[in-house]
Structures are given as structure tokens and as C-alpha cells.
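Coordinates as given in upload06.cif (mmCIF, C-alpha atoms and all ligand atoms):
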data_start
#
loop_
_atom_site.label_atom_id
_atom_site.label_comp_id
_atom_site.auth_asym_id
_atom_site.auth_seq_id
_atom_site.Cartn_x
_atom_site.Cartn_y
_atom_site.Cartn_z
CA MET A 1 66.46 159.23 85.43
CA LEU A 2 65.02 156.98 82.76
CA ARG A 3 61.30 156.50 82.44
CA ARG A 4 59.52 153.81 80.53
CA PHE A 5 56.63 154.10 78.14
CA SER A 6 55.28 151.77 75.50
CA ILE A 7 54.92 152.39 71.80
CA SER A 8 52.51 150.73 69.37
CA LEU A 9 53.74 150.16 65.81
CA GLU A 10 52.46 148.36 62.74
CA ASP A 11 54.27 145.06 61.99
CA ASN A 12 56.03 146.26 58.87
CA LEU A 13 57.19 149.52 60.45
CA LEU A 14 58.58 147.60 63.43
CA GLU A 15 60.38 145.22 61.06
CA THR A 16 61.95 148.13 59.22
CA PHE A 17 62.92 149.70 62.55
CA ASP A 18 64.55 146.47 63.75
CA GLY A 19 66.51 146.37 60.50
CA TYR A 20 67.65 149.94 61.16
CA ILE A 21 68.71 148.98 64.71
CA GLN A 22 70.79 146.09 63.39
CA SER A 23 72.49 148.03 60.63
CA HIS A 24 73.29 150.90 63.03
CA LYS A 25 74.52 148.50 65.74
CA TYR A 26 72.23 149.71 68.49
CA ASN A 27 72.03 147.44 71.53
CA ASN A 28 68.30 147.77 71.88
CA ARG A 29 65.22 149.58 70.66
CA SER A 30 65.25 152.14 73.47
CA GLU A 31 68.71 153.34 72.58
CA ALA A 32 67.71 153.74 68.93
CA ILE A 33 64.51 155.60 69.81
CA ARG A 34 66.39 158.00 72.12
CA ASP A 35 68.85 158.79 69.34
CA LEU A 36 66.13 159.36 66.76
CA ILE A 37 64.24 161.68 69.08
CA ARG A 38 67.37 163.71 69.82
CA LYS A 39 68.22 163.92 66.14
CA SER A 40 64.78 165.17 65.22
CA PHE A 41 65.01 167.86 67.90
CA VAL A 42 68.40 168.97 66.59
CA LYS A 43 66.89 169.19 63.11
CA LYS A 44 64.02 171.24 64.43
CA GLU A 45 66.30 173.76 66.13
CA TRP A 46 68.22 173.92 62.92
CA GLU A 47 65.07 174.77 61.03
CA ALA A 48 64.00 177.22 63.70
CA ASP A 49 67.02 179.40 63.07
CA HIS A 50 68.99 178.67 66.21
CA MET A 51 72.75 178.89 66.61
CA VAL A 52 74.59 176.10 64.87
CA MET A 53 78.09 175.03 64.01
CA GLY A 54 78.65 173.57 60.60
CA VAL A 55 81.25 172.10 58.30
CA ILE A 56 81.16 172.96 54.61
CA THR A 57 83.14 170.68 52.33
CA LEU A 58 83.93 171.70 48.76
CA VAL A 59 85.74 169.88 45.98
CA TYR A 60 86.63 171.98 42.96
CA ASP A 61 88.99 172.29 40.06
CA HIS A 62 91.24 175.30 40.63
CA HIS A 63 91.84 175.58 36.87
CA GLN A 64 88.22 176.68 36.45
CA HIS A 65 88.41 180.36 35.53
CA GLN A 66 88.28 182.63 38.61
CA LEU A 67 86.75 179.96 40.80
CA GLN A 68 89.45 180.21 43.47
CA GLU A 69 88.85 183.98 43.65
CA LYS A 70 85.09 183.53 43.94
CA VAL A 71 85.42 180.94 46.70
CA THR A 72 87.59 183.43 48.61
CA GLU A 73 85.29 186.37 47.87
CA VAL A 74 82.17 184.61 49.19
CA GLN A 75 84.04 183.66 52.35
CA HIS A 76 85.04 187.29 52.90
CA ASP A 77 81.38 188.30 52.56
CA TYR A 78 80.66 185.94 55.47
CA HIS A 79 83.85 186.42 57.47
CA HIS A 80 81.90 186.72 60.75
CA HIS A 81 80.56 183.22 60.22
CA ILE A 82 83.83 181.51 59.38
CA VAL A 83 85.87 179.93 62.14
CA SER A 84 88.54 178.35 59.96
CA THR A 85 89.29 177.20 56.45
CA THR A 86 91.59 174.38 55.42
CA HIS A 87 92.67 173.99 51.83
CA VAL A 88 94.06 170.68 50.61
CA HIS A 89 95.56 170.26 47.13
CA MET A 90 94.17 166.81 46.35
CA ASP A 91 95.88 166.27 43.02
CA HIS A 92 96.96 168.22 39.96
CA HIS A 93 93.44 169.60 39.34
CA ASN A 94 91.33 169.20 42.45
CA CYS A 95 91.21 171.16 45.64
CA LEU A 96 89.39 170.20 48.82
CA GLU A 97 88.28 173.04 51.06
CA VAL A 98 86.88 172.37 54.52
CA ILE A 99 85.28 175.40 56.13
CA ILE A 100 84.14 175.43 59.73
CA VAL A 101 81.30 177.87 60.28
CA ARG A 102 79.07 179.12 63.09
CA GLY A 103 76.00 181.31 63.27
CA LYS A 104 72.30 181.33 62.62
CA ALA A 105 71.25 178.22 60.78
CA LEU A 106 69.69 180.10 57.89
CA GLU A 107 72.78 182.22 57.31
CA VAL A 108 75.09 179.22 57.49
CA GLN A 109 72.85 177.46 54.97
CA GLU A 110 72.92 180.53 52.73
CA LEU A 111 76.72 180.67 52.81
CA ALA A 112 76.96 176.96 51.97
CA ASP A 113 74.49 177.35 49.10
CA ARG A 114 76.45 180.23 47.62
CA LEU A 115 79.70 178.25 47.69
CA ILE A 116 78.26 174.94 46.51
CA SER A 117 76.39 176.55 43.61
CA LEU A 118 79.54 178.20 42.19
CA ARG A 119 80.28 176.95 38.72
CA GLY A 120 83.06 174.39 38.79
CA VAL A 121 82.39 173.12 42.30
CA ARG A 122 82.17 169.35 41.78
CA ASP A 123 81.01 168.30 45.15
CA GLY A 124 79.70 170.25 48.09
CA ASN A 125 78.21 169.37 51.42
CA LEU A 126 77.06 171.05 54.62
CA ALA A 127 76.86 169.20 57.92
CA MET A 128 75.38 171.06 60.87
CA SER A 129 75.20 170.54 64.60
CA SER A 130 73.05 172.51 66.96
CA THR A 131 74.87 174.28 69.77
CA GLY A 132 71.70 173.87 71.81
CA LYS A 133 71.54 177.66 72.23
CA SER A 134 68.61 179.69 71.09
CA LEU A 135 68.91 183.24 69.82
CA HIS A 136 65.35 184.09 70.73
NI NI A 201 94.41 173.61 45.81
#

As C-alpha cells, please, write out the structure in this file.
Amino acid sequence: MLRRFSISLEDNLLETFDGYIQSHKYNNRSEAIRDLIRKSFVKKEWEADHMVMGVITLVYDHHQHQLQEKVTEVQHDYHHHIVSTTHVHMDHHNCLEVIIVRGKALEVQELADRLISLRGVRDGNLAMSSTGKSLH
């Protein structure tokens, strides 16, 4: 069931919000507000160390000395957190590795940080989604 309530906003904030609605193709303000609220709750759970699933993306040059070994070694240290790993040979030098992970948000973040900070990793990213389950 949907319930209505009203929100008061300053002019300029409302203008910015309407711009956001347009660029994100929302049909109306309510839809956009609902999405923003949900997103902020997901972020909060994430921060509160709940169970998450995540995708780590790495781009690196496999010619970098021992980098391939280190990427593998770190993943073995966190083998309980790793659901699957896909390695794509992008071109002569570059590899793309996409790692699907699950676990406590802080540990998943830690794993991503260790991989992304390895010397020779050109680009790294972690995207997380809450499973909605709490460990507490
Ligand atoms: Ni490769």
C-alpha cells in the first residue's frame, strides 16, 4: 500500500532534484524519492557490516612482474568470499578480471582494496549490493 506525505524543499534544491529526475528518466518525483530512499538504506546496511554480494573488476598488465601471481594469491587468501572469477585477455598486454564475491561488507571491501592497490593494476572497481540479510 502506498501512503502519501508532503516534503518541503528550498527552490534551488527542488530545481536540482527535478534535473536529476529528468536525466534519470523517472516518471515522477515520488518514484525518484522512493529509489533514493532505498539506495540510502542499502548503503547503510553496507556500512553496518551486513551480508553483501559484490563484483570486483580489475584491469591489469600481465607483463608486470609477478602481478598475475599476486592477484591469484590474494584471491586464495579470501577463497571463502569468492563465488567466481572470470579472466578475459583484452589485448596483448591487458587482462580484465571480474570477481564475484559475497560476505560481510567490510571483508569484501578489504579484499577489493588489496587487489586494487596491487602495483600494476590500472583500473579497479567494487560494486556492492545488499542481500538484505543481517548477520547480527
Ligand atoms: Ni590475461

Residues within 9 Å of Gly124 in chain A, please, as a JSON list (two decimals) with C-alpha atoms, in the frame of the given file. Count all atoms listed in the file; anything in the same chain fewer than 3 positions from it doesn't count.
[["chain", "number", "residue", "atom", "x", "y", "z"],
["A", 56, "ILE", "CA", 81.16, 172.96, 54.61],
["A", 57, "THR", "CA", 83.14, 170.68, 52.33],
["A", 58, "LEU", "CA", 83.93, 171.70, 48.76],
["A", 59, "VAL", "CA", 85.74, 169.88, 45.98],
["A", 60, "TYR", "CA", 86.63, 171.98, 42.96],
["A", 112, "ALA", "CA", 76.96, 176.96, 51.97],
["A", 113, "ASP", "CA", 74.49, 177.35, 49.10],
["A", 115, "LEU", "CA", 79.70, 178.25, 47.69],
["A", 116, "ILE", "CA", 78.26, 174.94, 46.51],
["A", 117, "SER", "CA", 76.39, 176.55, 43.61],
["A", 121, "VAL", "CA", 82.39, 173.12, 42.30]]

Identify, on the basis of all atoms listed in the file, every residue whose closest approach to range 76-82 of chain A does not exceed 10 Å; exclude the query and any residue fewer than 6 positions from it along the same chain; express the result as an MDAnalysis selection string. chainID A and resid 53:55 70 99:104 107:108 110:111

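Our summary of the geometry notes that CA of Leu67 in chain A is positioned 17.3 Å from CA of Asn125 in chain A.
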
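Distance annotation: of A:Glu10, A:Glu97, A:Asp49, A:Glu73, the residue with the minimal separation from ligand NI 201 (chain A) is A:Glu97; atom set is only C-alpha atoms and all ligand atoms.
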
Using only C-alpha atoms and all ligand atoms, which residues have at least one atom no more than 10 Å from ligand NI 201 (chain A)? Output them as an NGL selection string. :A and (59-63 or 68 or 87-97)

Fill-in result for range 53-72 of chain A, N, CA and C atoms as an mmCIF file, in the frame of the given file:
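Ended up saving to selection14.cif:
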data_model
loop_
_atom_site.group_PDB
_atom_site.id
_atom_site.type_symbol
_atom_site.label_atom_id
_atom_site.label_comp_id
_atom_site.auth_asym_id
_atom_site.auth_seq_id
_atom_site.Cartn_x
_atom_site.Cartn_y
_atom_site.Cartn_z
ATOM 1 N N MET A 53 76.753 175.102 64.585
ATOM 2 C CA MET A 53 78.090 175.030 64.010
ATOM 3 C C MET A 53 77.992 174.096 62.826
ATOM 4 N N GLY A 54 78.732 174.392 61.791
ATOM 5 C CA GLY A 54 78.650 173.570 60.600
ATOM 6 C C GLY A 54 79.992 173.369 59.947
ATOM 7 N N VAL A 55 80.047 172.365 59.092
ATOM 8 C CA VAL A 55 81.250 172.100 58.300
ATOM 9 C C VAL A 55 80.844 172.052 56.835
ATOM 10 N N ILE A 56 81.424 172.951 56.054
ATOM 11 C CA ILE A 56 81.160 172.960 54.610
ATOM 12 C C ILE A 56 82.364 172.302 53.934
ATOM 13 N N THR A 57 82.081 171.343 53.079
ATOM 14 C CA THR A 57 83.140 170.680 52.330
ATOM 15 C C THR A 57 82.949 170.960 50.844
ATOM 16 N N LEU A 58 84.005 171.404 50.202
ATOM 17 C CA LEU A 58 83.930 171.700 48.760
ATOM 18 C C LEU A 58 85.039 170.955 48.034
ATOM 19 N N VAL A 59 84.706 170.417 46.869
ATOM 20 C CA VAL A 59 85.740 169.880 45.980
ATOM 21 C C VAL A 59 85.613 170.628 44.673
ATOM 22 N N TYR A 60 86.696 171.245 44.219
ATOM 23 C CA TYR A 60 86.630 171.980 42.960
ATOM 24 C C TYR A 60 87.955 171.947 42.213
ATOM 25 N N ASP A 61 87.824 172.257 40.929
ATOM 26 C CA ASP A 61 88.990 172.290 40.060
ATOM 27 C C ASP A 61 89.531 173.714 40.036
ATOM 28 N N HIS A 62 90.732 173.918 40.519
ATOM 29 C CA HIS A 62 91.240 175.300 40.630
ATOM 30 C C HIS A 62 91.614 175.890 39.270
ATOM 31 N N HIS A 63 91.589 175.052 38.209
ATOM 32 C CA HIS A 63 91.840 175.580 36.870
ATOM 33 C C HIS A 63 90.607 176.295 36.297
ATOM 34 N N GLN A 64 89.446 176.001 36.886
ATOM 35 C CA GLN A 64 88.220 176.680 36.450
ATOM 36 C C GLN A 64 88.418 178.193 36.615
ATOM 37 N N HIS A 65 88.118 178.939 35.561
ATOM 38 C CA HIS A 65 88.410 180.360 35.530
ATOM 39 C C HIS A 65 87.820 181.123 36.733
ATOM 40 N N GLN A 66 88.666 181.769 37.483
ATOM 41 C CA GLN A 66 88.280 182.630 38.610
ATOM 42 C C GLN A 66 87.553 181.961 39.766
ATOM 43 N N LEU A 67 87.507 180.648 39.737
ATOM 44 C CA LEU A 67 86.750 179.960 40.800
ATOM 45 C C LEU A 67 87.395 180.169 42.169
ATOM 46 N N GLN A 68 88.718 180.015 42.210
ATOM 47 C CA GLN A 68 89.450 180.210 43.470
ATOM 48 C C GLN A 68 89.156 181.601 44.053
ATOM 49 N N GLU A 69 89.130 182.613 43.202
ATOM 50 C CA GLU A 69 88.850 183.980 43.650
ATOM 51 C C GLU A 69 87.429 184.090 44.195
ATOM 52 N N LYS A 70 86.487 183.463 43.498
ATOM 53 C CA LYS A 70 85.090 183.530 43.940
ATOM 54 C C LYS A 70 84.887 182.823 45.278
ATOM 55 N N VAL A 71 85.533 181.678 45.427
ATOM 56 C CA VAL A 71 85.420 180.940 46.700
ATOM 57 C C VAL A 71 85.926 181.833 47.842
ATOM 58 N N THR A 72 87.024 182.540 47.592
ATOM 59 C CA THR A 72 87.590 183.430 48.610
ATOM 60 C C THR A 72 86.677 184.632 48.856
#
